[in-house]
$ cat start.txt   # compact mmCIF, C-alpha atoms
# COMPACT_ATOMS: atom_id res chain seq x y z
CA MET M 1 80.15 -147.22 -52.58
CA ALA M 2 81.30 -150.52 -51.08
CA GLU M 3 84.64 -152.10 -51.91
CA GLY M 4 85.35 -152.02 -55.63
CA THR M 5 82.45 -150.61 -57.65
CA GLU M 6 79.51 -152.42 -56.09
CA ALA M 7 76.79 -150.14 -54.74
CA ARG M 8 75.28 -150.95 -51.37
CA GLN M 9 71.61 -150.18 -50.62
CA ASP M 10 71.31 -147.62 -47.80
CA GLU M 11 69.44 -149.49 -45.08
CA SER M 12 68.05 -146.24 -43.65
CA VAL M 13 66.01 -145.66 -46.83
CA PRO M 14 62.77 -147.69 -46.99
CA PRO M 15 62.46 -150.17 -49.90
CA GLY M 16 61.16 -148.56 -53.07
CA GLU M 17 62.56 -145.14 -52.21
CA THR M 18 65.83 -143.56 -53.18
CA ARG M 19 68.09 -140.94 -51.71
CA ARG M 20 69.29 -138.12 -53.93
CA GLU M 21 72.57 -136.48 -52.95
CA GLN M 22 73.92 -133.45 -54.78
CA ALA M 23 76.29 -130.68 -53.85
CA GLY M 24 76.57 -131.88 -50.26
CA LEU M 25 72.78 -132.11 -49.78
CA ALA M 26 70.75 -135.28 -49.28
CA PHE M 27 67.02 -135.70 -49.87
CA GLU M 28 64.62 -138.58 -49.57
CA SER M 29 62.72 -139.37 -52.76
CA PRO M 30 60.78 -137.47 -53.91
CA ALA M 31 63.27 -134.64 -53.65
CA PRO M 32 61.83 -131.14 -53.21
CA ARG M 33 61.00 -129.08 -56.29
CA VAL M 34 62.11 -125.48 -56.67
CA ILE M 35 59.03 -123.34 -57.36
CA ILE M 36 59.74 -119.99 -59.04
CA GLY M 37 56.93 -117.67 -57.99
CA PRO M 38 55.76 -114.11 -58.69
CA GLY M 39 58.37 -111.43 -59.32
CA LEU M 40 61.15 -113.82 -60.33
CA GLU M 41 59.99 -114.70 -63.83
CA ARG M 42 62.89 -112.91 -65.52
CA HIS M 43 65.32 -114.94 -63.40
CA SER M 44 63.61 -118.25 -64.14
CA GLN M 45 66.32 -119.61 -66.46
CA ALA M 46 69.14 -118.76 -64.04
CA LEU M 47 67.19 -120.25 -61.11
CA ALA M 48 66.40 -123.37 -63.12
CA ARG M 49 70.10 -123.86 -63.83
CA ALA M 50 70.89 -123.32 -60.15
CA ALA M 51 68.27 -125.89 -59.15
CA ALA M 52 69.63 -128.38 -61.66
CA GLY M 53 73.07 -127.88 -60.17
CA SER M 54 71.66 -129.15 -56.87
CA GLY M 55 70.03 -132.10 -58.62
CA LEU M 56 66.50 -130.66 -58.31
CA GLU M 57 63.71 -129.94 -60.75
CA SER M 58 62.16 -126.48 -61.03
CA GLU M 59 58.98 -124.94 -62.35
CA VAL M 60 57.42 -121.50 -62.73
CA ALA M 61 54.13 -121.13 -60.86
CA GLY M 62 51.72 -118.21 -61.15
CA ALA M 63 49.29 -119.78 -58.71
CA ALA M 64 49.74 -121.90 -55.60
CA PRO M 65 51.88 -124.94 -56.51
CA ALA M 66 50.65 -128.49 -56.27
CA PRO M 67 51.19 -130.33 -52.98
CA GLY M 68 54.46 -132.14 -52.40
CA PRO M 69 57.95 -131.31 -51.15
CA ALA M 70 59.00 -127.94 -52.51
CA VAL M 71 60.95 -124.79 -51.85
CA VAL M 72 59.11 -121.71 -53.08
CA LEU M 73 60.86 -118.54 -54.23
CA MET M 74 59.23 -115.14 -54.80
CA ASP M 75 60.12 -111.44 -54.93
CA LEU M 76 58.79 -108.71 -52.67
CA ALA M 77 58.39 -106.62 -55.82
CA ALA M 78 55.41 -108.80 -56.72
CA GLY M 79 53.25 -106.64 -54.44
CA ALA M 80 49.79 -107.68 -53.26
CA GLY M 81 49.73 -110.68 -55.59
CA GLY M 82 52.96 -111.87 -54.00
CA TRP M 83 51.49 -111.67 -50.50
CA ASP M 84 48.50 -113.75 -51.65
CA PHE M 85 50.88 -116.28 -53.21
CA LEU M 86 52.87 -116.44 -49.96
CA ALA M 87 49.69 -117.04 -47.95
CA CYS M 88 48.60 -119.90 -50.25
CA CYS M 89 52.00 -121.58 -50.00
CA ARG M 90 52.21 -121.25 -46.25
CA SER M 91 48.71 -122.68 -45.83
CA GLY M 92 50.06 -125.74 -47.66
CA HIS M 93 53.09 -125.83 -45.31
CA LEU M 94 55.57 -125.04 -48.08
CA PRO M 95 58.68 -123.09 -47.05
CA VAL M 96 58.88 -119.78 -48.93
CA ALA M 97 62.06 -117.78 -49.50
CA VAL M 98 61.39 -114.14 -50.32
CA PHE M 99 63.91 -112.28 -52.44
CA SER M 100 64.16 -108.52 -52.76
CA THR M 101 66.15 -106.25 -55.05
CA GLN M 102 65.41 -103.09 -53.05
CA PRO M 103 64.57 -104.24 -49.50
CA GLU M 104 62.74 -101.98 -47.10
CA PRO M 105 63.02 -103.04 -43.42
CA ALA M 106 59.26 -102.73 -42.92
CA GLN M 107 58.66 -105.04 -45.90
CA VAL M 108 61.21 -107.54 -44.65
CA ARG M 109 59.57 -107.63 -41.23
CA GLU M 110 56.15 -108.00 -42.85
CA ALA M 111 57.41 -110.92 -44.94
CA TYR M 112 58.53 -112.75 -41.80
CA ARG M 113 55.27 -111.87 -40.06
CA ARG M 114 53.29 -113.40 -42.93
CA GLY M 115 55.27 -116.63 -42.70
CA ALA M 116 58.29 -116.31 -44.98
CA ALA M 117 60.92 -118.83 -43.96
CA GLU M 118 63.81 -116.68 -45.22
CA VAL M 119 64.35 -113.23 -46.73
CA LEU M 120 67.34 -112.74 -49.03
CA PHE M 121 68.73 -109.83 -50.98
CA LEU M 122 68.76 -110.90 -54.61
CA ASP M 123 72.26 -111.26 -56.06
CA GLU M 124 71.89 -111.90 -59.78
CA ALA M 125 75.56 -112.86 -60.10
CA ALA M 126 75.36 -115.56 -57.43
CA LEU M 127 71.91 -117.11 -57.69
CA ASP M 128 73.35 -120.63 -57.74
CA ILE M 129 75.24 -120.01 -54.49
CA GLN M 130 72.20 -118.38 -52.88
CA LEU M 131 69.94 -121.28 -53.82
CA SER M 132 72.42 -123.93 -52.66
CA SER M 133 72.86 -122.10 -49.33
CA LEU M 134 69.10 -121.75 -49.01
CA LEU M 135 68.51 -125.47 -49.52
CA ALA M 136 71.20 -126.29 -46.96
CA ARG M 137 69.50 -124.06 -44.38
CA PHE M 138 65.99 -125.31 -45.10
CA TYR M 139 66.77 -129.00 -44.88
CA ASP M 140 68.56 -130.82 -42.09
CA GLY M 141 69.70 -133.74 -44.22
CA PRO M 142 68.77 -137.27 -45.15
CA ASP M 143 66.44 -138.20 -42.34
CA GLN M 144 63.85 -135.44 -42.54
CA ASN M 145 62.98 -132.31 -44.44
CA ARG M 146 62.52 -129.92 -41.55
CA LEU M 147 62.27 -126.19 -41.86
CA HIS M 148 64.76 -124.24 -39.78
CA PRO M 149 63.47 -121.62 -37.31
CA GLU M 150 62.81 -118.07 -38.46
CA ARG M 151 66.18 -116.56 -39.23
CA SER M 152 65.56 -112.92 -38.33
CA ARG M 153 65.68 -113.72 -34.60
CA PHE M 154 67.81 -116.19 -32.71
CA HIS M 155 67.50 -116.53 -28.92
CA GLY M 156 67.18 -112.76 -28.43
CA LEU M 157 69.56 -111.77 -31.22
CA VAL M 158 67.91 -109.75 -33.97
CA GLY M 159 69.15 -109.14 -37.51
CA ILE M 160 68.58 -109.98 -41.16
CA SER M 161 71.99 -109.23 -42.67
CA GLN M 162 74.27 -111.88 -44.13
CA SER M 163 76.72 -111.45 -41.25
CA MET M 164 73.96 -112.20 -38.73
CA ALA M 165 72.78 -115.22 -40.72
CA GLU M 166 76.34 -116.52 -40.61
CA LEU M 167 76.50 -115.82 -36.86
CA TYR M 168 73.28 -117.77 -36.22
CA SER M 169 74.64 -120.73 -38.19
CA LEU M 170 77.91 -120.60 -36.25
CA LEU M 171 76.12 -120.53 -32.89
CA GLU M 172 74.11 -123.62 -33.89
CA VAL M 173 77.44 -125.42 -34.28
CA VAL M 174 79.21 -123.93 -31.25
CA GLY M 175 76.25 -124.29 -28.88
CA PRO M 176 76.05 -128.11 -28.59
CA SER M 177 79.81 -128.36 -28.02
CA ASP M 178 80.92 -128.24 -24.41
CA ALA M 179 84.13 -126.40 -25.30
CA THR M 180 85.15 -123.07 -23.81
CA VAL M 181 84.28 -120.14 -26.08
CA LEU M 182 85.86 -116.70 -26.37
CA ILE M 183 83.39 -114.09 -27.67
CA ARG M 184 85.07 -111.04 -29.18
CA GLY M 185 83.42 -107.80 -30.20
CA GLN M 186 83.17 -104.08 -29.63
CA SER M 187 81.22 -102.72 -26.68
CA GLY M 188 77.51 -102.80 -27.39
CA THR M 189 77.54 -105.59 -29.99
CA GLY M 190 75.62 -108.02 -27.78
CA LYS M 191 78.25 -110.35 -26.34
CA GLU M 192 76.08 -111.44 -23.42
CA LEU M 193 73.16 -112.12 -25.77
CA VAL M 194 75.48 -114.34 -27.81
CA ALA M 195 76.59 -116.14 -24.64
CA ARG M 196 72.96 -116.74 -23.70
CA ALA M 197 72.25 -118.05 -27.20
CA ILE M 198 75.15 -120.49 -26.90
CA HIS M 199 73.79 -121.64 -23.55
CA ALA M 200 70.29 -122.04 -25.01
CA GLU M 201 71.66 -124.21 -27.84
CA SER M 202 73.63 -126.41 -25.44
CA ALA M 203 72.76 -129.54 -23.48
CA ARG M 204 73.11 -127.39 -20.34
CA SER M 205 70.18 -125.13 -21.26
CA GLU M 206 68.00 -126.48 -18.43
CA HIS M 207 70.65 -125.49 -15.89
CA PRO M 208 71.66 -121.99 -14.71
CA PHE M 209 73.26 -119.32 -16.87
CA VAL M 210 75.39 -117.16 -14.57
CA ALA M 211 77.02 -113.96 -15.80
CA ILE M 212 79.59 -111.74 -14.12
CA ASN M 213 81.34 -108.61 -15.40
CA CYS M 214 84.99 -108.94 -14.40
CA GLY M 215 85.57 -105.22 -15.00
CA ALA M 216 82.71 -104.02 -12.80
CA ILE M 217 83.90 -105.57 -9.52
CA PRO M 218 87.06 -104.43 -7.70
CA PRO M 219 89.87 -107.03 -8.03
CA ASP M 220 90.04 -107.62 -4.27
CA LEU M 221 86.35 -108.58 -4.21
CA LEU M 222 86.14 -110.46 -7.50
CA GLU M 223 87.83 -113.62 -6.17
CA ALA M 224 85.25 -114.06 -3.40
CA GLU M 225 82.46 -113.21 -5.86
CA LEU M 226 83.63 -115.98 -8.18
CA PHE M 227 84.72 -118.68 -5.74
CA GLY M 228 82.70 -117.83 -2.64
CA HIS M 229 84.25 -117.67 0.82
CA ALA M 230 84.40 -119.53 4.11
CA LYS M 231 83.11 -118.10 7.36
CA GLY M 232 85.72 -115.75 8.86
CA ALA M 233 87.76 -115.60 5.64
CA PHE M 234 88.00 -111.81 6.00
CA THR M 235 86.52 -109.01 8.06
CA GLY M 236 82.75 -109.06 7.66
CA ALA M 237 82.57 -112.69 6.49
CA VAL M 238 80.21 -113.70 9.28
CA SER M 239 78.99 -116.73 7.37
CA ALA M 240 80.07 -118.90 4.46
CA ARG M 241 78.84 -117.80 1.04
CA GLN M 242 78.70 -119.57 -2.31
CA GLY M 243 80.18 -117.81 -5.34
CA ARG M 244 79.20 -117.62 -8.99
CA PHE M 245 81.12 -120.84 -9.76
CA ALA M 246 78.84 -122.77 -7.40
CA HIS M 247 75.68 -121.08 -8.72
CA ALA M 248 76.61 -122.09 -12.29
CA ASP M 249 76.90 -125.78 -11.38
CA SER M 250 76.00 -127.98 -14.40
CA GLY M 251 75.16 -124.84 -16.36
CA THR M 252 77.14 -122.05 -18.00
CA LEU M 253 79.40 -119.42 -16.42
CA PHE M 254 79.85 -116.27 -18.52
CA LEU M 255 82.90 -114.13 -17.69
CA ASP M 256 82.36 -110.78 -19.38
CA GLU M 257 85.27 -108.36 -19.95
CA ILE M 258 87.77 -111.11 -19.12
CA GLY M 259 90.60 -108.80 -20.21
CA GLU M 260 90.07 -106.75 -17.04
CA MET M 261 90.88 -109.66 -14.71
CA SER M 262 93.94 -109.13 -12.49
CA PRO M 263 97.08 -111.25 -13.09
CA ASP M 264 96.72 -113.01 -9.71
CA LEU M 265 93.16 -114.05 -10.46
CA GLN M 266 94.13 -115.12 -13.97
CA ILE M 267 96.41 -117.75 -12.41
CA LYS M 268 93.59 -119.07 -10.23
CA LEU M 269 91.14 -119.17 -13.12
CA LEU M 270 93.68 -121.10 -15.20
CA ARG M 271 93.96 -123.68 -12.44
CA VAL M 272 90.17 -124.09 -12.33
CA LEU M 273 90.00 -124.65 -16.09
CA GLU M 274 92.83 -127.20 -15.93
CA GLU M 275 91.83 -129.11 -12.80
CA ARG M 276 88.07 -128.46 -12.77
CA THR M 277 88.17 -127.69 -9.04
CA TYR M 278 88.40 -124.49 -7.00
CA GLU M 279 88.82 -123.43 -3.38
CA PRO M 280 86.55 -120.83 -1.75
CA VAL M 281 88.44 -117.91 -0.21
CA GLY M 282 89.66 -118.87 3.27
CA SER M 283 89.09 -122.58 2.70
CA SER M 284 91.44 -125.43 1.88
CA ARG M 285 88.58 -127.62 0.66
CA SER M 286 88.52 -128.29 -3.08
CA VAL M 287 85.11 -128.00 -4.70
CA PRO M 288 84.37 -129.75 -8.02
CA PHE M 289 83.57 -127.38 -10.88
CA ASN M 290 81.10 -128.62 -13.48
CA ALA M 291 80.09 -125.70 -15.67
CA ARG M 292 80.89 -124.60 -19.18
CA VAL M 293 82.90 -121.38 -19.34
CA LEU M 294 82.21 -118.64 -21.86
CA ALA M 295 84.35 -115.50 -21.83
CA ALA M 296 84.01 -112.20 -23.65
CA THR M 297 86.19 -109.21 -24.31
CA ASN M 298 86.17 -105.95 -26.26
CA LYS M 299 89.96 -105.75 -26.01
CA ASN M 300 92.62 -107.24 -28.27
CA LEU M 301 93.85 -110.11 -26.11
CA ASP M 302 96.63 -110.94 -28.58
CA GLU M 303 98.14 -107.52 -27.85
CA ALA M 304 97.51 -107.99 -24.12
CA VAL M 305 99.38 -111.31 -24.23
CA ALA M 306 102.26 -109.76 -26.17
CA SER M 307 102.58 -106.96 -23.62
CA GLY M 308 102.38 -109.33 -20.64
CA ARG M 309 99.05 -107.99 -19.36
CA PHE M 310 97.25 -111.28 -19.99
CA ARG M 311 98.58 -114.79 -19.48
CA GLU M 312 99.20 -116.67 -22.71
CA ASP M 313 98.35 -120.05 -21.18
CA LEU M 314 94.99 -118.74 -19.94
CA TYR M 315 94.31 -117.16 -23.31
CA HIS M 316 94.73 -120.52 -25.03
CA ARG M 317 92.51 -122.20 -22.44
CA LEU M 318 89.75 -119.65 -23.09
CA ASN M 319 90.16 -119.41 -26.85
CA VAL M 320 89.21 -123.00 -27.72
CA LEU M 321 86.36 -121.77 -29.93
CA THR M 322 86.07 -118.16 -31.07
CA VAL M 323 83.01 -116.12 -31.99
CA ASP M 324 83.63 -112.69 -33.52
CA LEU M 325 80.70 -110.26 -33.49
CA PRO M 326 80.29 -107.74 -36.32
CA PRO M 327 79.95 -104.08 -35.30
CA LEU M 328 76.63 -102.51 -36.27
CA ASN M 329 78.19 -100.29 -38.94
CA GLN M 330 79.35 -103.44 -40.76
CA ARG M 331 75.95 -105.14 -40.63
CA GLY M 332 74.45 -102.73 -43.15
CA ALA M 333 71.59 -100.24 -43.22
CA GLU M 334 69.07 -103.08 -43.51
CA ASP M 335 69.99 -104.33 -40.03
CA VAL M 336 69.96 -100.82 -38.56
CA MET M 337 66.42 -100.22 -39.76
CA PHE M 338 65.27 -103.74 -38.91
CA LEU M 339 66.52 -103.23 -35.35
CA PHE M 340 64.94 -99.77 -35.30
CA ASP M 341 61.55 -101.27 -36.22
CA HIS M 342 62.07 -104.05 -33.65
CA PHE M 343 62.83 -101.62 -30.81
CA LEU M 344 60.03 -99.27 -31.89
CA GLU M 345 57.55 -102.11 -31.77
CA GLU M 346 58.73 -103.03 -28.25
CA LEU M 347 58.46 -99.42 -27.06
CA ASN M 348 55.00 -98.98 -28.58
CA ARG M 349 53.87 -102.12 -26.79
CA LYS M 350 55.46 -101.03 -23.50
CA HIS M 351 54.10 -97.47 -23.49
CA GLY M 352 50.82 -97.98 -25.36
CA THR M 353 51.91 -95.61 -28.13
CA ARG M 354 51.43 -95.84 -31.91
CA VAL M 355 54.56 -94.31 -33.38
CA ALA M 356 54.55 -95.43 -37.01
CA GLY M 357 58.25 -95.13 -37.81
CA ALA M 358 61.02 -92.77 -38.87
CA ASP M 359 60.42 -89.95 -41.36
CA PRO M 360 62.68 -89.88 -44.46
CA VAL M 361 65.19 -87.41 -42.95
CA ALA M 362 65.55 -89.46 -39.76
CA ARG M 363 65.80 -92.67 -41.77
CA ARG M 364 68.66 -91.29 -43.87
CA PHE M 365 70.45 -90.22 -40.69
CA LEU M 366 70.03 -93.62 -39.05
CA GLU M 367 71.30 -95.41 -42.15
CA ALA M 368 74.34 -93.14 -42.59
CA TYR M 369 75.40 -92.87 -38.93
CA GLU M 370 78.51 -94.84 -37.87
CA TRP M 371 77.07 -96.19 -34.58
CA PRO M 372 80.26 -96.23 -32.46
CA GLY M 373 78.17 -97.53 -29.54
CA ASN M 374 76.69 -100.29 -31.71
CA VAL M 375 73.30 -101.82 -30.88
CA ARG M 376 73.41 -100.44 -27.33
CA GLU M 377 73.62 -96.90 -28.72
CA LEU M 378 70.77 -97.53 -31.17

$ encode --input "start.txt" --output "structure tokens"
Amino acid sequence: MAEGTEARQDESVPPGETRREQAGLAFESPAPRVIIGPGLERHSQALARAAAGSGLESEVAGAAPAPGPAVVLMDLAAGAGGWDFLACCRSGHLPVAVFSTQPEPAQVREAYRRGAAEVLFLDEAALDIQLSSLLARFYDGPDQNRLHPERSRFHGLVGISQSMAELYSLLEVVGPSDATVLIRGQSGTGKELVARAIHAESARSEHPFVAINCGAIPPDLLEAELFGHAKGAFTGAVSARQGRFAHADSGTLFLDEIGEMSPDLQIKLLRVLEERTYEPVGSSRSVPFNARVLAATNKNLDEAVASGRFREDLYHRLNVLTVDLPPLNQRGAEDVMFLFDHFLEELNRKHGTRVAGADPVARRFLEAYEWPGNVREL
């Protein structure tokens, strides 16, 4: 609204068209319909109310819906007829969200393979929230109705659980920022994959991604590995050598297991982050540093700061944005089996084998196991 109560025509909307905004969403006219497909008939009234809450019309369709902007919903329980319905909708370029009351990982993977835009686990008590969240993910906003990428995979990360969907959405926000990020998670949760995903989502994606494990290199060698060294800086330094900081120029530097860094090197890293310059070992020449820094740890750095093992000022410099990774045993059995199928498919392709899957006893074991080593152990 303009001053007072006078409405102002949005100049970005062509004459004769309107923009509909409800519940934080914005759509060009005509706004998308919500199509209730096979398997969801008994939820049609609840879904219609949820659609109305987002300012959208809904309809029940037993056959392929008419052309036009739409979001299509169906249930995996619909069986073969549901797959045919999905194929008809996808051939018309309509995004389809597949719900399931009793999801099987193989079915979920098949739904994505056949073109489902999203697979959700039906929550009868929160259909309005699910639909609103679905619309927000499917549509970018007022300028275009663009389908988001397949949500089961994200720059090498794999998962279909709610916690992974939330992680993907967070990385889409964190990635374009140039701020330093601290990635926290247990060993084996995929911290480097997350760092690579952040890099891929950033404006630096065309430049190098350089990773170094601070706990795998002896402290007396780590400084030269990071900053490089001048000729004659120490015994054996017969020539000058660039370090990881130089290799990451204009790109992203990933410091894994940052909690293992020695106190002396913590001071030097803090200076680099503050001044954006560094000095190679044995040199007094300052070198500009133009890379984004991502750090990761499986330790509790708050406790390390409290005990004096990690500098508080460096911690605050690193912890500008935080990404916490869920352990595998908190991602649910659906992610365990989805990952199992994913890895099995890779191994079959690599070795030319045709292993079909896990038998019921093995499946129950995989679903019930605690996975202390997380995805790495799986």

$ axis_aligned_box --input "start.txt" --around "region 308-321 of chain M" --padding-each-side "6 Å" --output "lines of an AutoDock Vina configuration file"
center_x = 94.4
center_y = -115.5
center_z = -24.6
size_x = 28.0
size_y = 27.0
size_z = 22.6

$ atom_distance --input "start.txt" --atom1 "CA of Ser250 (chain M)" --atom2 "CA of Gly282 (chain M)"
24.1 Å

$ atom_distance --input "start.txt" --atom1 "CA of Thr277 (chain M)" --atom2 "CA of Phe289 (chain M)"
5.0 Å

$ closest_residue --input "start.txt" --among "M:Leu328, M:Leu221, M:Val336, M:Leu321" --to "Val173 (chain M)" --atoms "only C-alpha atoms"
M:Leu321

$ residues_around --input "start.txt" --residues "region 297-302 of chain M" --least-positions-apart "2" --cutoff "9 Å" --atoms "only C-alpha atoms" --output "list of chain:residue names"
M:Leu182, M:Ile183, M:Arg184, M:Gly185, M:Gln186, M:Ser187, M:Lys191, M:Leu255, M:Asp256, M:Glu257, M:Ile258, M:Gly259, M:Glu260, M:Ala295, M:Ala304, M:Val305, M:Ala306, M:Ser307, M:Arg309, M:Phe310, M:Glu312, M:Tyr315

$ residues_near_point --input "start.txt" --point "(57.4, -107.5, -57.4)" --cutoff "8 Å" --atoms "only C-alpha atoms" --output "PyMOL selection string"
chain M and resi 38-40+75-79+82

$ residues_around --input "start.txt" --residues "Ala125 (chain M)" --least-positions-apart "2" --cutoff "12 Å" --atoms "all atoms listed in the file" --output "list of chain:residue names"
M:His43, M:Ala46, M:Leu47, M:Ala50, M:Phe121, M:Leu122, M:Asp123, M:Leu127, M:Asp128, M:Ile129, M:Gln130, M:Leu131

$ closest_residue --input "start.txt" --among "M:Gln242, M:Ser132, M:Asn329, M:Gln107" --to "Val71 (chain M)" --atoms "all atoms listed in the file"
M:Ser132

$ atom_distance --input "start.txt" --atom1 "CA of His247 (chain M)" --atom2 "CA of Phe209 (chain M)"
8.7 Å

$ residues_around --input "start.txt" --residues "Val272 (chain M)" --least-positions-apart "2" --cutoff "12 Å" --atoms "only C-alpha atoms" --output "PyMOL selection string"
chain M and resi 226-227+245+265-270+274-280+286-293+314+317-318

$ closest_residue --input "start.txt" --among "M:Pro327, M:Gly53, M:Pro218, M:Gly228" --to "Arg376 (chain M)" --atoms "only C-alpha atoms"
M:Pro327

$ closest_residue --input "start.txt" --among "M:Val210, M:Val108, M:Ala51, M:Ile36" --to "Ser133 (chain M)" --atoms "all atoms listed in the file"
M:Ala51

$ closest_residue --input "start.txt" --among "M:Pro69, M:Ala61, M:Ala211, M:Ala52" --to "Pro32 (chain M)" --atoms "only C-alpha atoms"
M:Pro69

$ residues_around --input "start.txt" --residues "Val181 (chain M)" --least-positions-apart "3" --cutoff "6 Å" --atoms "all atoms listed in the file" --output "PyMOL selection string"
chain M and resi 294+319-322

$ residues_around --input "start.txt" --residues "Val72 (chain M)" --least-positions-apart "3" --cutoff "12 Å" --atoms "only C-alpha atoms" --output "MDAnalysis selection string"
chainID M and resid 32:38 40 47 51 58:69 75 82 85:90 92:99 116:119 131 134:135 138

$ closest_residue --input "start.txt" --among "M:Arg109, M:Met261, M:Gly243, M:Val194" --to "Cys214 (chain M)" --atoms "only C-alpha atoms"
M:Met261

$ residues_near_point --input "start.txt" --point "(67.4, -107.8, -34.0)" --cutoff "7 Å" --atoms "only C-alpha atoms" --output "list of chain:residue names"
M:Ser152, M:Arg153, M:Leu157, M:Val158, M:Gly159, M:Phe338, M:Leu339, M:His342

$ build_atoms --input "start.txt" --residues "region 342-348 of chain M" --atoms "all heavy atoms" --output "PDB file, in the coordinates of the input"
ATOM      1  N   HIS M 342      62.227-103.093 -34.759  1.00  0.00           N
ATOM      2  CA  HIS M 342      62.070-104.050 -33.650  1.00  0.00           C
ATOM      3  C   HIS M 342      61.948-103.314 -32.316  1.00  0.00           C
ATOM      4  O   HIS M 342      61.034-103.581 -31.528  1.00  0.00           O
ATOM      5  CB  HIS M 342      63.267-104.995 -33.635  1.00  0.00           C
ATOM      6  CG  HIS M 342      63.385-105.838 -32.407  1.00  0.00           C
ATOM      7  ND1 HIS M 342      62.573-106.917 -32.158  1.00  0.00           N
ATOM      8  CD2 HIS M 342      64.235-105.738 -31.340  1.00  0.00           C
ATOM      9  CE1 HIS M 342      62.904-107.453 -30.984  1.00  0.00           C
ATOM     10  NE2 HIS M 342      63.907-106.772 -30.487  1.00  0.00           N
ATOM     11  N   PHE M 343      62.867-102.365 -32.073  1.00  0.00           N
ATOM     12  CA  PHE M 343      62.830-101.620 -30.810  1.00  0.00           C
ATOM     13  C   PHE M 343      61.601-100.721 -30.733  1.00  0.00           C
ATOM     14  O   PHE M 343      61.004-100.553 -29.662  1.00  0.00           O
ATOM     15  CB  PHE M 343      64.101-100.782 -30.648  1.00  0.00           C
ATOM     16  CG  PHE M 343      65.349-101.609 -30.464  1.00  0.00           C
ATOM     17  CD1 PHE M 343      66.526-101.273 -31.117  1.00  0.00           C
ATOM     18  CD2 PHE M 343      65.358-102.717 -29.642  1.00  0.00           C
ATOM     19  CE1 PHE M 343      67.680-102.033 -30.961  1.00  0.00           C
ATOM     20  CE2 PHE M 343      66.497-103.492 -29.471  1.00  0.00           C
ATOM     21  CZ  PHE M 343      67.653-103.142 -30.136  1.00  0.00           C
ATOM     22  N   LEU M 344      61.220-100.127 -31.873  1.00  0.00           N
ATOM     23  CA  LEU M 344      60.030 -99.270 -31.890  1.00  0.00           C
ATOM     24  C   LEU M 344      58.786-100.060 -31.538  1.00  0.00           C
ATOM     25  O   LEU M 344      57.926 -99.601 -30.773  1.00  0.00           O
ATOM     26  CB  LEU M 344      59.894 -98.615 -33.268  1.00  0.00           C
ATOM     27  CG  LEU M 344      58.703 -97.671 -33.445  1.00  0.00           C
ATOM     28  CD1 LEU M 344      58.790 -96.504 -32.478  1.00  0.00           C
ATOM     29  CD2 LEU M 344      58.639 -97.160 -34.875  1.00  0.00           C
ATOM     30  N   GLU M 345      58.698-101.251 -32.075  1.00  0.00           N
ATOM     31  CA  GLU M 345      57.550-102.110 -31.770  1.00  0.00           C
ATOM     32  C   GLU M 345      57.510-102.442 -30.278  1.00  0.00           C
ATOM     33  O   GLU M 345      56.436-102.426 -29.659  1.00  0.00           O
ATOM     34  CB  GLU M 345      57.652-103.390 -32.596  1.00  0.00           C
ATOM     35  CG  GLU M 345      56.483-104.334 -32.465  1.00  0.00           C
ATOM     36  CD  GLU M 345      56.633-105.547 -33.372  1.00  0.00           C
ATOM     37  OE1 GLU M 345      56.510-105.388 -34.592  1.00  0.00           O
ATOM     38  OE2 GLU M 345      56.888-106.642 -32.834  1.00  0.00           O
ATOM     39  N   GLU M 346      58.683-102.736 -29.693  1.00  0.00           N
ATOM     40  CA  GLU M 346      58.730-103.030 -28.250  1.00  0.00           C
ATOM     41  C   GLU M 346      58.301-101.821 -27.424  1.00  0.00           C
ATOM     42  O   GLU M 346      57.555-101.948 -26.449  1.00  0.00           O
ATOM     43  CB  GLU M 346      60.155-103.436 -27.859  1.00  0.00           C
ATOM     44  CG  GLU M 346      60.543-104.854 -28.265  1.00  0.00           C
ATOM     45  CD  GLU M 346      61.850-105.282 -27.623  1.00  0.00           C
ATOM     46  OE1 GLU M 346      62.614-104.395 -27.171  1.00  0.00           O
ATOM     47  OE2 GLU M 346      62.114-106.498 -27.577  1.00  0.00           O
ATOM     48  N   LEU M 347      58.788-100.630 -27.812  1.00  0.00           N
ATOM     49  CA  LEU M 347      58.460 -99.420 -27.060  1.00  0.00           C
ATOM     50  C   LEU M 347      56.985 -99.058 -27.201  1.00  0.00           C
ATOM     51  O   LEU M 347      56.342 -98.608 -26.236  1.00  0.00           O
ATOM     52  CB  LEU M 347      59.347 -98.265 -27.520  1.00  0.00           C
ATOM     53  CG  LEU M 347      60.824 -98.391 -27.122  1.00  0.00           C
ATOM     54  CD1 LEU M 347      61.662 -97.354 -27.852  1.00  0.00           C
ATOM     55  CD2 LEU M 347      60.988 -98.239 -25.620  1.00  0.00           C
ATOM     56  N   ASN M 348      56.438 -99.225 -28.400  1.00  0.00           N
ATOM     57  CA  ASN M 348      55.000 -98.980 -28.580  1.00  0.00           C
ATOM     58  C   ASN M 348      54.179 -99.898 -27.689  1.00  0.00           C
ATOM     59  O   ASN M 348      53.197 -99.473 -27.065  1.00  0.00           O
ATOM     60  CB  ASN M 348      54.612 -99.197 -30.045  1.00  0.00           C
ATOM     61  CG  ASN M 348      54.874 -97.978 -30.925  1.00  0.00           C
ATOM     62  OD1 ASN M 348      54.886 -96.850 -30.447  1.00  0.00           O
ATOM     63  ND2 ASN M 348      55.083 -98.208 -32.212  1.00  0.00           N
TER      64      ASN M 348
END
